[in-house]
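Trainee: Provided herewith: model-v3.cif, mmCIF, C-alpha atoms and all ligand atoms.
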```cif
data_data
loop_
_atom_site.label_atom_id
_atom_site.label_comp_id
_atom_site.auth_asym_id
_atom_site.auth_seq_id
_atom_site.Cartn_x
_atom_site.Cartn_y
_atom_site.Cartn_z
CA MET K 1 50.03 13.71 11.30
CA GLY K 2 46.86 15.31 12.65
CA THR K 3 44.22 13.23 14.28
CA THR K 4 40.74 13.37 12.88
CA THR K 5 38.13 14.57 15.29
CA LYS K 6 35.11 12.34 15.11
CA VAL K 7 31.61 13.71 15.12
CA ALA K 8 28.66 12.31 17.07
CA VAL K 9 25.76 11.28 14.87
CA GLU K 10 22.37 9.90 15.93
CA VAL K 11 20.39 7.98 13.35
CA THR K 12 17.41 5.68 13.46
CA VAL K 13 18.33 2.70 11.31
CA ASN K 14 15.61 0.21 10.42
CA GLY K 15 13.65 1.43 13.42
CA GLN K 16 16.52 1.29 15.91
CA ARG K 17 18.15 4.38 17.37
CA ARG K 18 21.93 4.26 16.87
CA SER K 19 24.61 6.60 18.26
CA LEU K 20 27.78 6.73 16.22
CA GLU K 21 31.09 8.55 16.12
CA VAL K 22 32.07 9.17 12.52
CA GLU K 23 34.79 10.97 10.65
CA PRO K 24 33.43 14.18 9.12
CA ARG K 25 34.27 12.93 5.63
CA ALA K 26 32.82 9.41 6.10
CA LEU K 27 30.24 8.47 3.51
CA LEU K 28 26.91 7.14 4.71
CA VAL K 29 27.33 3.92 2.72
CA HIS K 30 30.61 3.12 4.46
CA VAL K 31 29.17 3.81 7.90
CA VAL K 32 26.13 1.66 7.15
CA ARG K 33 28.28 -1.23 5.95
CA GLU K 34 31.29 -1.00 8.24
CA ASP K 35 30.06 0.59 11.46
CA LEU K 36 26.55 -0.88 11.43
CA GLY K 37 27.37 -4.16 9.65
CA LEU K 38 24.47 -3.78 7.21
CA THR K 39 26.21 -5.16 4.15
CA GLY K 40 23.05 -5.54 2.07
CA THR K 41 23.74 -2.01 0.86
CA HIS K 42 26.38 -2.48 -1.82
CA VAL K 43 29.14 -0.32 -3.24
CA GLY K 44 29.46 -0.56 -6.99
CA CYS K 45 31.19 2.65 -7.97
CA ASP K 46 31.49 5.05 -5.01
CA THR K 47 30.87 7.90 -7.43
CA GLY K 48 27.08 8.19 -7.65
CA ASN K 49 26.71 6.33 -10.93
CA CYS K 50 25.49 2.78 -10.31
CA GLY K 51 22.81 2.96 -7.59
CA ALA K 52 23.99 -0.18 -5.78
CA CYS K 53 24.22 1.86 -2.57
CA THR K 54 20.61 3.12 -2.68
CA LEU K 55 18.80 3.26 0.66
CA HIS K 56 16.06 5.43 2.10
CA LEU K 57 16.85 8.60 4.02
CA ASP K 58 13.75 9.99 5.70
CA GLY K 59 11.63 7.89 3.35
CA GLU K 60 13.26 8.90 0.08
CA SER K 61 15.74 6.87 -1.91
CA VAL K 62 19.25 8.28 -2.06
CA LYS K 63 22.56 7.00 -3.32
CA SER K 64 24.32 6.68 0.00
CA CYS K 65 27.77 7.14 -1.53
CA THR K 66 26.70 10.71 -2.29
CA VAL K 67 25.71 11.48 1.32
CA LEU K 68 28.03 12.20 4.21
CA ALA K 69 27.16 10.27 7.35
CA VAL K 70 26.99 13.57 9.25
CA GLN K 71 24.22 14.68 6.89
CA ALA K 72 22.12 11.79 8.20
CA ASP K 73 22.23 13.10 11.77
CA GLY K 74 18.72 12.93 13.19
CA ALA K 75 17.37 11.10 10.15
CA GLN K 76 15.57 7.83 9.58
CA VAL K 77 17.58 5.40 7.49
CA THR K 78 16.05 2.28 5.97
CA THR K 79 18.22 -0.32 4.30
CA ILE K 80 17.26 -3.48 2.43
CA GLU K 81 17.55 -5.34 5.75
CA GLY K 82 14.74 -3.17 7.12
CA LEU K 83 12.37 -3.55 4.18
CA GLY K 84 11.16 -7.05 4.90
CA ARG K 85 12.17 -10.03 6.95
CA GLU K 86 12.41 -13.75 6.45
CA GLY K 87 8.91 -15.15 6.16
CA ASP K 88 7.49 -11.64 5.67
CA LEU K 89 9.13 -10.28 2.55
CA HIS K 90 8.23 -6.95 1.00
CA PRO K 91 6.12 -7.36 -2.19
CA LEU K 92 9.12 -6.19 -4.23
CA GLN K 93 11.35 -8.84 -2.71
CA GLU K 94 8.72 -11.49 -3.48
CA ALA K 95 8.29 -10.16 -7.03
CA PHE K 96 12.04 -10.03 -7.80
CA TRP K 97 12.18 -13.66 -6.72
CA ALA K 98 9.08 -14.72 -8.67
CA LYS K 99 9.93 -12.81 -11.87
CA HIS K 100 13.66 -13.60 -11.91
CA GLY K 101 14.53 -9.94 -11.52
CA LEU K 102 18.08 -10.75 -10.52
CA GLN K 103 21.03 -12.78 -11.61
CA CYS K 104 24.22 -12.00 -9.69
CA GLY K 105 22.20 -9.89 -7.25
CA TYR K 106 24.76 -7.14 -6.88
CA CYS K 107 22.42 -4.37 -8.03
CA THR K 108 19.34 -5.89 -6.39
CA PRO K 109 19.21 -4.23 -2.95
CA GLY K 110 19.66 -0.79 -4.49
CA MET K 111 17.22 -1.58 -7.27
CA ILE K 112 14.58 -2.70 -4.75
CA MET K 113 15.08 0.35 -2.54
CA ALA K 114 14.75 2.65 -5.56
CA ALA K 115 11.67 0.76 -6.74
CA ALA K 116 10.09 0.93 -3.27
CA ASP K 117 10.42 4.72 -3.33
CA LEU K 118 9.04 4.80 -6.88
CA LEU K 119 5.95 2.80 -5.85
CA GLU K 120 5.36 5.07 -2.85
CA ARG K 121 5.29 8.09 -5.15
CA ASN K 122 3.54 6.35 -8.05
CA PRO K 123 1.63 3.23 -6.99
CA ASP K 124 0.61 2.25 -10.52
CA PRO K 125 3.49 3.16 -12.83
CA THR K 126 3.61 2.44 -16.54
CA GLU K 127 6.51 0.47 -17.98
CA ASP K 128 8.08 3.73 -19.15
CA GLU K 129 7.69 5.29 -15.73
CA ILE K 130 9.39 2.27 -14.14
CA ARG K 131 12.27 2.44 -16.60
CA THR K 132 12.65 6.18 -16.05
CA GLY K 133 12.29 5.83 -12.27
CA LEU K 134 15.06 3.25 -12.12
CA GLU K 135 17.41 4.80 -14.65
CA GLY K 136 19.87 5.75 -11.91
CA ASN K 137 20.31 2.08 -11.02
CA LEU K 138 22.52 0.01 -13.29
CA CYS K 139 22.31 -3.75 -13.81
CA ARG K 140 24.96 -5.49 -15.84
CA CYS K 141 23.20 -8.86 -15.91
CA THR K 142 19.48 -8.86 -16.56
CA GLY K 143 18.83 -6.48 -19.44
CA TYR K 144 16.24 -4.88 -17.13
CA HIS K 145 13.24 -6.70 -18.64
CA ASN K 146 12.62 -8.93 -15.63
CA ILE K 147 13.31 -6.09 -13.23
CA VAL K 148 10.53 -4.07 -14.86
CA ALA K 149 8.24 -7.12 -14.75
CA ALA K 150 9.01 -7.56 -11.05
CA VAL K 151 8.15 -3.96 -10.26
CA GLN K 152 4.89 -4.28 -12.23
CA GLU K 153 4.05 -7.44 -10.28
CA ALA K 154 4.82 -5.77 -6.94
CA ALA K 155 2.64 -2.78 -7.91
CA ALA K 156 -0.24 -5.14 -8.74
CA THR K 157 0.21 -6.98 -5.44
CA ARG K 158 0.25 -3.75 -3.45
CA ASN K 159 -2.75 -2.36 -5.28
CA GLY K 160 -4.64 -5.61 -4.76
CA ALA K 161 -3.80 -5.50 -1.09
CA THR K 162 -4.98 -1.92 -0.68
CA ALA K 163 -8.01 -2.05 -3.01
S1 LIG K 201 28.11 2.95 -5.10
FE1 LIG K 201 26.81 4.67 -4.91
S2 LIG K 201 26.06 5.02 -6.90
FE2 LIG K 201 27.49 3.39 -7.15
S1 LIG K 202 21.69 -8.84 -11.27
FE1 LIG K 202 23.82 -8.62 -11.61
S2 LIG K 202 24.11 -6.49 -11.70
FE2 LIG K 202 21.97 -6.71 -11.63
#
```
Let me see the file written as structure tokens.
Mentor:
Amino acid sequence: MGTTTKVAVEVTVNGQRRSLEVEPRALLVHVVREDLGLTGTHVGCDTGNCGACTLHLDGESVKSCTVLAVQADGAQVTTIEGLGREGDLHPLQEAFWAKHGLQCGYCTPGMIMAAADLLERNPDPTEDEIRTGLEGNLCRCTGYHNIVAAVQEAAATRNGATA
């Protein structure tokens, strides 16, 4: 019947500094969804397999069900809500829309966050590199073809914009 001592955590989430009190065992994905109300980050498996919970921690994509919230202390967290905004979508969000890269949409936020990290590291990936880069993200609907096409389109848009 012990009480759990909460731990103070400071994170910058989508550009905003947030102070939280979290249980030591709380997973980052649950804190993001339940304490911060950012439900664009999904939970598909809770065991590191599906990638639905992917977000960026200090600029790199991570499966947030594999990270304790206390491990994010002092870090920058970006979720799908912070990637673009209505009327000013990220090129990947535009491309997933244009190329029909989603059906039910459950995998989509995680897929886009993983793809955004991929394009930061490799701005002009081949089809194989996209498939390999996204292999930690599962989609039960699309067969992946349109997801790959969307990432290729977003890469072309970004490269056009920076050429
Ligand atoms: S919910 Fe994190 S990998 Fe599936
Ligand atoms: S669009 Fe349904 S799981 Fe990917």
Trainee: Hey, which residues come within 12 Å of ligand LIG 202 (chain K) if we count all atoms listed in the file? Could you give them as a PyMOL selection string?
Mentor: chain K and resi 42-44+50-52+96-97+100-112+137-147
Trainee: Go through K:His90, K:Arg17, K:Lys99, K:Arg25 and flag the residue nearest Gly74 (chain K), using all atoms listed in the file for the distances.
Mentor: K:Arg17
Trainee: To one decimal place in Å, what is the distance between CA of Val32 (chain K) and CA of Gly82 (chain K)?
Mentor: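 We find that CA of Val32 (chain K) and CA of Gly82 (chain K) lie 12.4 Å from each other.
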Trainee: What is the distance between CA of Ala155 (chain K) and CA of Asp117 (chain K), in Å to one decimal?
Mentor: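 Distance reported for this atom pair: 11.7 Å.
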Trainee: Using only C-alpha atoms and all ligand atoms, find the one residue out of K:Leu20, K:Ala114, K:Val77, K:Val148 that sits nearest to ligand LIG 201 (chain K).
Mentor: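 Answer, going by the shortest atom-to-atom distance: K:Ala114.
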Trainee: Env of Ala26 (chain K): 7 Å cut, atoms = all atoms listed in the file, seq-sep filter 4 positions within chain, self excluded. Answer as a PyMOL selection string.
Mentor: chain K and resi 22+30-31+68-69
Trainee: Measuring atom to atom with all atoms listed in the file, identify which of K:Ser19, K:Thr78, K:Thr157, K:Thr12 is nearest to Gln93 (chain K).
Mentor: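 Looking at the shortest contact to Gln93 (chain K), the residue is K:Thr157.
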Trainee: Please measure the separation of CA of Ala115 (chain K) and CA of Gly160 (chain K), giving the value in Å to one decimal.
Mentor: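 Rounded to one decimal, the two atoms are 17.6 Å apart.
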